[in-house]
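What follows is data.cif (mmCIF, C-alpha atoms).
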```cif
data_protein
#
loop_
_atom_site.label_atom_id
_atom_site.label_comp_id
_atom_site.auth_asym_id
_atom_site.auth_seq_id
_atom_site.Cartn_x
_atom_site.Cartn_y
_atom_site.Cartn_z
CA MET A 1 14.65 6.11 -62.53
CA LYS A 2 17.06 8.23 -60.54
CA ALA A 3 17.88 7.12 -57.05
CA ILE A 4 16.34 10.24 -55.58
CA GLU A 5 13.04 9.45 -57.30
CA LYS A 6 12.82 6.03 -55.76
CA HIS A 7 10.12 5.83 -53.09
CA LEU A 8 11.08 4.73 -49.62
CA THR A 9 10.58 1.09 -48.74
CA GLN A 10 8.67 0.04 -45.63
CA ASP A 11 11.95 -0.62 -43.86
CA GLN A 12 13.23 2.82 -44.71
CA LEU A 13 10.04 4.39 -43.42
CA ILE A 14 10.49 2.51 -40.16
CA MET A 15 14.04 3.82 -39.95
CA ALA A 16 12.69 7.30 -40.48
CA VAL A 17 10.22 6.78 -37.65
CA VAL A 18 13.04 5.69 -35.36
CA ASP A 19 15.32 8.55 -36.38
CA GLU A 20 14.95 10.45 -39.59
CA ASP A 21 18.58 11.57 -39.34
CA ASP A 22 19.70 7.98 -39.80
CA LEU A 23 18.39 7.82 -43.36
CA ASP A 24 21.05 7.87 -46.03
CA SER A 25 21.34 11.13 -47.90
CA THR A 26 19.48 9.93 -51.00
CA SER A 27 16.52 8.62 -49.05
CA ALA A 28 16.43 11.73 -46.91
CA ALA A 29 16.45 13.89 -50.00
CA HIS A 30 13.60 11.91 -51.54
CA LEU A 31 11.57 12.12 -48.37
CA SER A 32 11.91 15.86 -48.33
CA ILE A 33 10.41 16.20 -51.82
CA CYS A 34 7.99 13.27 -52.08
CA PRO A 35 4.47 13.94 -50.72
CA ASP A 36 3.48 10.29 -50.95
CA CYS A 37 6.36 9.10 -48.79
CA ARG A 38 5.79 11.94 -46.36
CA LEU A 39 2.14 10.91 -46.11
CA ARG A 40 3.08 7.29 -45.47
CA LEU A 41 5.52 8.40 -42.80
CA GLN A 42 2.88 10.63 -41.24
CA GLN A 43 0.33 7.78 -41.16
CA MET A 44 2.84 5.53 -39.47
CA THR A 45 3.67 8.21 -36.92
CA GLN A 46 -0.02 8.90 -36.26
CA LYS A 47 -0.64 5.23 -35.62
CA LEU A 48 2.09 5.22 -33.02
CA ASP A 49 0.78 8.45 -31.50
CA LYS A 50 -2.61 6.78 -31.10
CA LEU A 51 -0.94 3.81 -29.44
CA GLU A 52 0.77 6.17 -26.98
CA GLU A 53 -2.49 7.95 -26.24
CA LEU A 54 -4.42 4.73 -25.65
CA ALA A 55 -1.63 3.35 -23.45
CA ARG A 56 -1.83 6.49 -21.34
CA LYS A 57 -5.62 6.38 -21.10
CA THR A 58 -5.96 2.71 -20.22
CA ALA A 59 -3.25 2.70 -17.55
CA PRO A 60 -4.47 2.94 -13.94
CA LYS A 61 -4.46 6.33 -12.33
CA PRO A 62 -2.69 6.92 -9.02
CA LEU A 63 -4.88 6.67 -5.96
CA GLU A 64 -5.95 9.74 -4.08
CA THR A 65 -3.83 8.91 -1.04
CA PRO A 66 -0.30 10.21 -1.55
CA LEU A 67 2.74 8.05 -1.26
CA PRO A 68 4.06 8.01 2.31
CA LEU A 69 7.32 9.88 2.34
CA PRO A 70 10.03 9.04 4.88
CA GLU A 71 10.88 11.70 7.41
CA PRO A 72 13.63 13.99 6.19
CA ARG A 73 16.99 13.04 7.58
CA GLY A 74 18.13 16.64 7.94
CA GLY A 75 21.72 15.78 7.32
CA ARG A 76 23.19 18.07 9.93
CA LEU A 77 22.14 16.37 13.15
CA PHE A 78 25.59 16.58 14.71
CA PHE A 79 25.66 20.31 14.38
CA LYS A 80 22.31 21.05 16.03
CA PRO A 81 22.91 23.01 19.22
CA MET A 82 20.33 21.15 21.33
CA ALA A 83 21.76 17.78 20.45
CA VAL A 84 25.29 18.95 21.22
CA ALA A 85 24.22 20.43 24.55
CA ALA A 86 22.38 17.26 25.53
CA MET A 87 25.40 15.12 24.75
CA ALA A 88 27.69 17.46 26.71
CA VAL A 89 25.46 17.29 29.77
CA LEU A 90 25.32 13.52 29.56
CA LEU A 91 29.08 13.28 29.35
CA MET A 92 29.52 15.56 32.35
CA VAL A 93 27.11 13.55 34.43
CA LEU A 94 28.92 10.35 33.60
CA VAL A 95 32.36 11.79 34.33
CA VAL A 96 31.37 13.43 37.60
CA THR A 97 29.23 10.74 39.08
CA TRP A 98 30.77 7.57 37.76
CA PRO A 99 33.69 7.09 40.31
CA TRP A 100 31.46 7.92 43.30
CA ASN A 101 28.81 5.59 42.19
CA ARG A 102 31.25 2.78 41.78
CA THR A 103 32.88 3.19 45.36
CA GLU A 104 29.61 3.50 47.21
CA ASN A 105 28.22 0.56 45.43
CA ASN A 106 31.25 -1.51 46.42
CA HIS A 107 30.93 -0.60 50.15
CA ILE A 108 27.25 -1.22 50.19
CA GLY A 109 27.76 -4.52 48.53
CA ILE A 110 30.35 -5.83 50.98
CA ALA A 111 28.38 -4.83 54.10
CA ALA A 112 25.32 -6.50 52.73
CA ILE A 113 27.27 -9.67 52.16
CA PHE A 114 28.55 -9.69 55.78
CA GLN A 115 25.08 -9.12 57.09
CA GLU A 116 23.79 -12.00 55.08
CA MET A 117 26.61 -14.20 56.39
CA GLU A 118 25.69 -13.37 60.01
CA LYS A 119 22.10 -14.13 59.35
CA ASP A 120 23.11 -17.44 57.85
CA GLU A 121 25.13 -18.37 60.95
CA GLN A 122 22.24 -17.53 63.22
CA LEU A 123 19.96 -19.56 61.04
CA MET A 124 22.27 -22.57 61.24
CA ALA A 125 22.41 -22.24 65.02
CA ASP A 126 18.64 -22.17 65.22
CA ILE A 127 18.44 -25.25 63.06
CA GLU A 128 20.88 -27.14 65.25
CA ALA A 129 18.91 -26.19 68.33
CA LEU A 130 15.76 -27.45 66.79
CA GLU A 131 17.39 -30.74 65.91
CA SER A 132 18.66 -31.19 69.42
CA PHE A 133 15.49 -30.17 71.21
CA ALA A 134 12.88 -31.12 68.68
CA LEU A 135 10.12 -31.74 71.27
CA SER A 136 8.89 -29.35 73.88
CA GLY A 137 9.75 -29.82 77.57
CA LEU A 138 6.24 -31.09 78.31
CA HIS A 139 6.49 -33.76 75.65
CA MET A 140 9.89 -34.82 76.86
CA GLU A 141 8.62 -35.13 80.50
CA ALA A 142 5.74 -37.25 79.37
CA ASN A 143 8.21 -39.58 77.63
CA GLY A 144 10.33 -39.72 80.72
CA ASN A 145 13.16 -38.02 78.89
CA GLY A 146 13.73 -34.62 80.21
CA TYR A 147 16.10 -31.98 79.23
CA GLY A 148 18.00 -32.38 82.56
CA MET A 149 15.05 -31.41 84.78
CA ILE A 150 14.77 -34.87 86.53
CA ASP A 151 17.16 -34.84 89.41
CA ASP A 152 18.00 -37.06 92.42
CA GLU A 153 15.42 -35.42 94.58
CA PHE A 154 12.67 -36.30 92.16
CA ILE A 155 13.90 -39.89 91.93
CA ASP A 156 14.00 -40.22 95.70
CA PHE A 157 10.43 -38.98 95.73
CA LEU A 158 9.38 -41.58 93.21
CA VAL A 159 11.39 -44.44 94.67
CA PRO A 160 12.20 -43.70 98.24
CA ARG A 161 15.37 -45.28 99.62
CA GLU A 162 15.20 -47.87 102.39
CA ASN A 163 18.08 -47.81 104.69
CA GLY A 164 19.56 -45.32 102.18
CA SER A 165 19.60 -47.73 99.27
CA PHE A 166 17.52 -48.13 96.17
CA ILE A 167 15.27 -51.19 95.91
CA MET B 1 -1.65 19.13 -17.19
CA LEU B 2 1.44 21.00 -16.04
CA THR B 3 4.70 20.15 -17.75
CA TYR B 4 8.04 20.86 -16.18
CA THR B 5 11.21 21.71 -18.02
CA PRO B 6 14.39 19.79 -17.20
CA GLU B 7 15.68 22.92 -15.47
CA GLN B 8 12.64 23.09 -13.21
CA ILE B 9 13.02 19.41 -12.40
CA ALA B 10 16.71 19.97 -11.63
CA SER B 11 15.81 22.82 -9.31
CA LEU B 12 13.35 20.63 -7.41
CA VAL B 13 15.96 17.90 -7.19
CA ASP B 14 18.53 20.29 -5.70
CA GLU B 15 16.02 21.37 -3.07
CA ALA B 16 14.98 17.81 -2.33
CA LYS B 17 18.62 16.83 -1.79
CA THR B 18 18.83 19.33 1.06
CA GLY B 19 15.83 17.71 2.74
CA HIS B 20 13.16 20.07 1.41
CA ARG B 21 10.08 17.91 1.84
CA LEU B 22 7.75 19.89 -0.39
CA SER B 23 10.13 19.64 -3.32
CA LEU B 24 10.41 15.92 -2.79
CA GLU B 25 6.65 15.58 -2.72
CA ARG B 26 6.33 17.60 -5.89
CA LEU B 27 8.86 15.41 -7.69
CA VAL B 28 6.94 12.33 -6.64
CA ASN B 29 3.65 13.83 -7.82
CA ILE B 30 5.12 14.80 -11.19
CA PHE B 31 6.34 11.31 -12.00
CA HIS B 32 3.99 9.13 -10.00
CA ALA B 33 1.48 8.48 -12.79
CA ASP B 34 4.25 7.79 -15.33
CA ILE B 35 6.02 5.26 -13.16
CA LEU B 36 2.76 3.62 -12.17
CA ARG B 37 1.87 3.24 -15.85
CA MET B 38 5.29 1.87 -16.67
CA VAL B 39 5.15 -0.71 -13.91
CA PHE B 40 1.55 -1.58 -14.73
CA TYR B 41 2.32 -2.44 -18.35
CA ARG B 42 5.07 -4.75 -17.23
CA THR B 43 3.35 -6.48 -14.35
CA ARG B 44 -0.22 -6.28 -15.73
CA SER B 45 -1.44 -6.14 -12.17
CA ARG B 46 -2.68 -3.00 -10.53
CA LEU B 47 -1.92 -4.25 -7.03
CA ASP B 48 1.63 -5.18 -7.93
CA ALA B 49 2.04 -1.92 -9.79
CA GLU B 50 1.04 0.16 -6.79
CA ASP B 51 3.31 -1.73 -4.41
CA LEU B 52 6.26 -1.65 -6.76
CA THR B 53 5.75 2.02 -7.54
CA GLN B 54 5.87 2.84 -3.87
CA GLU B 55 9.05 0.79 -3.43
CA ILE B 56 10.64 2.54 -6.40
CA PHE B 57 9.94 5.99 -5.02
CA LEU B 58 11.22 4.99 -1.60
CA LYS B 59 14.48 3.95 -3.25
CA VAL B 60 14.57 7.25 -5.09
CA MET B 61 14.06 9.22 -1.89
CA LYS B 62 16.79 7.33 -0.10
CA SER B 63 19.35 7.79 -2.82
CA ILE B 64 18.46 11.17 -4.31
CA ARG B 65 21.48 12.74 -2.65
CA LYS B 66 23.72 10.59 -4.83
CA LEU B 67 22.33 12.14 -8.02
CA LYS B 68 24.87 14.69 -9.19
CA ASP B 69 23.08 16.17 -12.18
CA GLY B 70 19.47 17.08 -11.43
CA LYS B 71 18.68 17.39 -15.13
CA ARG B 72 19.08 13.64 -15.47
CA PHE B 73 16.52 12.94 -12.78
CA LYS B 74 13.96 11.46 -15.15
CA SER B 75 16.41 9.01 -16.73
CA TRP B 76 17.84 8.17 -13.32
CA LEU B 77 14.35 7.54 -11.95
CA TYR B 78 13.49 5.21 -14.82
CA ARG B 79 16.75 3.35 -14.40
CA ILE B 80 15.92 2.70 -10.76
CA ALA B 81 12.44 1.58 -11.82
CA ILE B 82 13.75 -0.79 -14.49
CA ASN B 83 16.28 -2.34 -12.13
CA HIS B 84 13.69 -2.74 -9.42
CA LEU B 85 11.35 -4.43 -11.85
CA ARG B 86 14.08 -6.80 -12.94
CA ASP B 87 14.67 -7.78 -9.32
CA HIS B 88 10.95 -8.27 -8.89
CA PHE B 89 10.67 -10.59 -11.87
CA ARG B 90 13.76 -12.49 -10.85
CA LYS B 91 12.27 -13.16 -7.42
CA LYS B 92 8.96 -14.06 -8.99
CA LYS B 93 10.65 -16.56 -11.26
CA ILE B 94 12.40 -18.19 -8.33
CA LEU B 95 9.17 -18.36 -6.38
CA SER B 96 7.33 -19.90 -9.29
CA MET B 97 10.10 -22.46 -9.68
CA ILE B 98 9.67 -23.63 -6.10
CA GLY B 99 5.93 -23.70 -6.41
CA ILE B 100 4.93 -20.43 -4.81
CA GLN B 101 3.06 -18.54 -7.48
CA SER B 102 1.81 -15.03 -7.20
CA GLY B 103 -1.50 -14.13 -8.72
CA THR B 104 -1.47 -12.11 -11.92
CA GLU B 105 -4.29 -11.21 -14.19
CA ASP B 106 -4.14 -12.37 -17.75
CA LEU B 107 -6.53 -9.71 -18.83
CA LEU B 108 -6.50 -6.36 -17.21
CA GLU B 109 -9.46 -5.21 -15.21
CA LEU B 110 -10.19 -1.71 -16.28
CA GLU B 111 -11.27 0.76 -13.68
CA PRO B 112 -14.83 1.94 -13.95
CA GLY B 113 -14.68 5.39 -15.48
CA PRO B 114 -16.92 7.95 -17.05
CA GLU B 115 -16.61 6.28 -20.46
CA ASN B 116 -19.55 4.46 -21.96
CA PRO B 117 -19.46 0.66 -22.32
CA VAL B 118 -18.32 0.91 -25.93
CA GLU B 119 -15.26 2.91 -24.96
CA GLN B 120 -14.58 0.53 -22.11
CA TYR B 121 -14.75 -2.37 -24.54
CA GLU B 122 -12.39 -0.63 -26.95
CA LYS B 123 -9.89 -0.04 -24.20
CA LYS B 124 -10.04 -3.66 -23.17
CA GLU B 125 -9.56 -4.78 -26.76
CA PHE B 126 -6.63 -2.42 -27.18
CA GLN B 127 -4.84 -3.87 -24.19
CA ARG B 128 -5.53 -7.40 -25.38
CA TYR B 129 -4.00 -6.67 -28.81
CA LEU B 130 -1.16 -4.68 -27.29
CA PHE B 131 -0.08 -7.44 -24.91
CA LYS B 132 -0.41 -10.06 -27.59
CA TYR B 133 1.95 -8.02 -29.77
CA ILE B 134 4.38 -7.27 -26.92
CA ASN B 135 4.56 -10.97 -26.08
CA GLU B 136 5.97 -11.61 -29.54
CA LEU B 137 8.92 -9.30 -28.97
CA SER B 138 12.25 -10.29 -27.53
CA ASN B 139 13.09 -8.95 -24.07
CA ASN B 140 15.26 -6.18 -25.46
CA GLU B 141 12.74 -5.20 -28.11
CA LYS B 142 9.99 -5.26 -25.51
CA GLU B 143 11.88 -3.00 -23.14
CA VAL B 144 12.80 -0.51 -25.82
CA PHE B 145 9.31 -0.43 -27.30
CA ASN B 146 7.70 0.08 -23.87
CA LEU B 147 10.05 2.89 -22.95
CA ARG B 148 9.62 4.64 -26.27
CA PHE B 149 5.90 4.33 -26.88
CA LEU B 150 4.34 3.60 -23.50
CA GLU B 151 6.57 5.86 -21.44
CA GLN B 152 7.54 8.32 -24.21
CA LEU B 153 11.21 8.41 -23.43
CA LYS B 154 13.67 9.76 -25.98
CA ILE B 155 16.46 7.68 -27.50
CA ARG B 156 19.10 9.41 -25.39
CA GLU B 157 17.13 8.85 -22.18
CA MET B 158 16.58 5.20 -23.04
CA SER B 159 20.29 4.80 -23.67
CA PHE B 160 21.01 5.97 -20.12
CA VAL B 161 18.20 3.96 -18.53
CA LEU B 162 19.16 0.69 -20.20
CA ASN B 163 22.89 1.40 -20.23
CA LYS B 164 23.09 0.64 -23.93
CA SER B 165 24.35 2.70 -26.85
CA GLU B 166 21.92 4.75 -28.87
CA SER B 167 22.60 2.68 -31.97
CA THR B 168 21.70 -0.49 -30.07
CA ILE B 169 18.50 1.13 -28.84
CA LYS B 170 17.58 2.14 -32.38
CA THR B 171 18.25 -1.36 -33.67
CA TYR B 172 15.89 -2.93 -31.13
CA LEU B 173 13.30 -0.24 -31.81
CA TYR B 174 13.53 -0.84 -35.52
CA ARG B 175 12.95 -4.58 -35.06
CA ALA B 176 10.01 -3.96 -32.71
CA LEU B 177 8.35 -1.63 -35.21
CA LYS B 178 8.89 -4.08 -38.03
CA LYS B 179 7.04 -6.73 -36.03
CA LEU B 180 4.31 -4.21 -35.28
CA GLY B 181 3.75 -3.75 -38.99
CA LYS B 182 3.18 -7.47 -39.33
CA ASN B 183 0.73 -7.59 -36.41
CA GLU B 184 -2.52 -7.27 -38.30
CA GLU B 185 -4.85 -7.12 -35.33
CA LEU B 186 -3.14 -4.25 -33.55
CA HIS B 187 -2.38 -2.53 -36.82
CA ALA B 188 -6.03 -2.70 -37.82
CA PHE B 189 -7.16 -1.51 -34.39
CA LEU B 190 -4.89 1.51 -34.50
CA THR B 191 -5.86 2.44 -38.01
CA GLY B 192 -9.55 1.96 -37.24
CA ASP B 193 -9.98 -0.92 -39.60
CA VAL B 194 -11.44 -3.26 -36.96
CA SER B 195 -14.46 -5.02 -38.37
#
```
Written as structure tokens, that's how I'd like the structure from this file.
Amino acid sequence: MKAIEKHLTQDQLIMAVVDEDDLDSTSAAHLSICPDCRLRLQQMTQKLDKLEELARKTAPKPLETPLPLPEPRGGRLFFKPMAVAAMAVLLMVLVVTWPWNRTENNHIGIAAIFQEMEKDEQLMADIEALESFALSGLHMEANGNGYGMIDDEFIDFLVPRENGSFI
Amino acid sequence: MLTYTPEQIASLVDEAKTGHRLSLERLVNIFHADILRMVFYRTRSRLDAEDLTQEIFLKVMKSIRKLKDGKRFKSWLYRIAINHLRDHFRKKKILSMIGIQSGTEDLLELEPGPENPVEQYEKKEFQRYLFKYINELSNNEKEVFNLRFLEQLKIREMSFVLNKSESTIKTYLYRALKKLGKNEELHAFLTGDVS
């Protein structure tokens, strides 16, 4: 039997399914003239076509809701006129107002500190006064301890002198 | 179903790169079902497939400007999908090793459709035989078989997606088909010889 008359083996048919161009020249020549081998190749290919079709049919279908797409980036943000104008205005505001803001803030800050210090001193003075004169004048008189209101005249009234001397 | 030529796809890609939202949406719509199917047959979970498909397209949208040749969009898209799936399975493996397992279905739950119960049963049987066969393949054979016959990619596209030579792709494909020939159940199902 000539080589060209030899039918393709199962392995050779599989090779033909993968890529018919990879068959050696003799096998390719036989395939081109042999109806039996062509039929076997066709049956193999049809089986695989059916597999493809069933795989497609049994796979899940996409849901109705579309995939959420991210917002387009645009890619030319820096060159948009509105964005450039906004940035320019912001820069101008910062340049013009920044030194003034800083000086005024410093002055305001220092004055406020001095005011607070004065208030603190007054507060301390009030506290000292309270410590020294914790009770009212009435309470102190009842105790016999005044705040300097009992004088010699009052004592003479309470304990009159005899012959100018205290008993 | 509309089919787009590579030139039309490339044109949409060029528009999408400039921020043209409609073109981007159209690209997503063209390939959404294909990617969903691809992910589904690897994860075997509809929920996972939907989440992962969304993540894949988000990656595509973020990096579409980097694609120089719009005609290679399909291969580029599948490469992103394959890499994302690999990351997903790597994470899943780590989680399962530390005891956190994610739920996956062993058998797929088919969506209720207009088909009669017999057709539904046939579909379920097909997927059972298909997964049983795919489980017998090596990882490389599995990947090549899925891309060729479940996603209908060409040898050249698969070579780009998997970053392997065409001869290597053909070798894995050859081995996968040889094993298919020995799988009597699936073979019989596809030839209609199921008793």
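Distance-wise, atom CA of Val18 of chain A and atom CA of Gly181 of chain B end up 13.7 Å apart.
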Expected answer as a ChimeraX atom specification: chain B residues within 6 Å of chain A, only C-alpha atoms: /B:19,33,37,149-150,190
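Distance-wise, atom CA of Ile64 of chain B and atom CA of Lys17 of chain B end up 6.2 Å apart.
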Selection under test: the PyMOL selection byres ((chain B and resi 186) around 9); residues as a PyMOL selection string: chain B and resi 126+129-130+132-133+180-181+183-185+187-191
Next, the residues of the selection above should be written as a JSON list (two decimals), keeping the file's coordinate frame with C-alpha atoms.
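Final output, again_6.json:
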```json
[["chain", "number", "residue", "atom", "x", "y", "z"],
["B", 126, "PHE", "CA", -6.63, -2.42, -27.18],
["B", 129, "TYR", "CA", -4.00, -6.67, -28.81],
["B", 130, "LEU", "CA", -1.16, -4.68, -27.29],
["B", 132, "LYS", "CA", -0.41, -10.06, -27.59],
["B", 133, "TYR", "CA", 1.95, -8.02, -29.77],
["B", 180, "LEU", "CA", 4.31, -4.21, -35.28],
["B", 181, "GLY", "CA", 3.75, -3.75, -38.99],
["B", 183, "ASN", "CA", 0.73, -7.59, -36.41],
["B", 184, "GLU", "CA", -2.52, -7.27, -38.30],
["B", 185, "GLU", "CA", -4.85, -7.12, -35.33],
["B", 187, "HIS", "CA", -2.38, -2.53, -36.82],
["B", 188, "ALA", "CA", -6.03, -2.70, -37.82],
["B", 189, "PHE", "CA", -7.16, -1.51, -34.39],
["B", 190, "LEU", "CA", -4.89, 1.51, -34.50],
["B", 191, "THR", "CA", -5.86, 2.44, -38.01]]
```
Length of the atom CA of Gly70 of chain B to atom CA of Val13 of chain B vector [Å]: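 Here the two named atoms are 5.6 Å from each other.
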Can you turn the PyMOL selection byres ((chain B and resi 55) around 12) into a concrete residue list for this file, as a PDB file with C-alpha atoms, in the coordinates of the input?
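In the end it all went to part_18.pdb:
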```pdb
ATOM      1  CA  LEU A  67       2.740   8.050  -1.260  1.00  0.00           C
ATOM      2  CA  PRO A  68       4.060   8.010   2.310  1.00  0.00           C
ATOM      3  CA  LEU A  69       7.320   9.880   2.340  1.00  0.00           C
ATOM      4  CA  PRO A  70      10.030   9.040   4.880  1.00  0.00           C
TER       5      PRO A  70
ATOM      6  CA  HIS B  32       3.990   9.130 -10.000  1.00  0.00           C
ATOM      7  CA  ILE B  35       6.020   5.260 -13.160  1.00  0.00           C
ATOM      8  CA  LEU B  36       2.760   3.620 -12.170  1.00  0.00           C
ATOM      9  CA  VAL B  39       5.150  -0.710 -13.910  1.00  0.00           C
ATOM     10  CA  ASP B  48       1.630  -5.180  -7.930  1.00  0.00           C
ATOM     11  CA  ALA B  49       2.040  -1.920  -9.790  1.00  0.00           C
ATOM     12  CA  GLU B  50       1.040   0.160  -6.790  1.00  0.00           C
ATOM     13  CA  ASP B  51       3.310  -1.730  -4.410  1.00  0.00           C
ATOM     14  CA  LEU B  52       6.260  -1.650  -6.760  1.00  0.00           C
ATOM     15  CA  THR B  53       5.750   2.020  -7.540  1.00  0.00           C
ATOM     16  CA  GLN B  54       5.870   2.840  -3.870  1.00  0.00           C
ATOM     17  CA  ILE B  56      10.640   2.540  -6.400  1.00  0.00           C
ATOM     18  CA  PHE B  57       9.940   5.990  -5.020  1.00  0.00           C
ATOM     19  CA  LEU B  58      11.220   4.990  -1.600  1.00  0.00           C
ATOM     20  CA  LYS B  59      14.480   3.950  -3.250  1.00  0.00           C
ATOM     21  CA  VAL B  60      14.570   7.250  -5.090  1.00  0.00           C
ATOM     22  CA  MET B  61      14.060   9.220  -1.890  1.00  0.00           C
ATOM     23  CA  LYS B  62      16.790   7.330  -0.100  1.00  0.00           C
ATOM     24  CA  ILE B  80      15.920   2.700 -10.760  1.00  0.00           C
ATOM     25  CA  ALA B  81      12.440   1.580 -11.820  1.00  0.00           C
ATOM     26  CA  ASN B  83      16.280  -2.340 -12.130  1.00  0.00           C
ATOM     27  CA  HIS B  84      13.690  -2.740  -9.420  1.00  0.00           C
ATOM     28  CA  LEU B  85      11.350  -4.430 -11.850  1.00  0.00           C
ATOM     29  CA  ASP B  87      14.670  -7.780  -9.320  1.00  0.00           C
ATOM     30  CA  HIS B  88      10.950  -8.270  -8.890  1.00  0.00           C
TER      31      HIS B  88
END
```
Picked residues, the PyMOL selection byres ((chain B and resi 157-161) around 9), expected as a PyMOL selection string: chain B and resi 72+74-80+82+144+147-148+153-156+162-169
For Glu7 of chain B, the nearest of the candidates B:Lys66, B:Lys182, B:Lys92, B:Lys71, counting all atoms listed in the file: B:Lys71
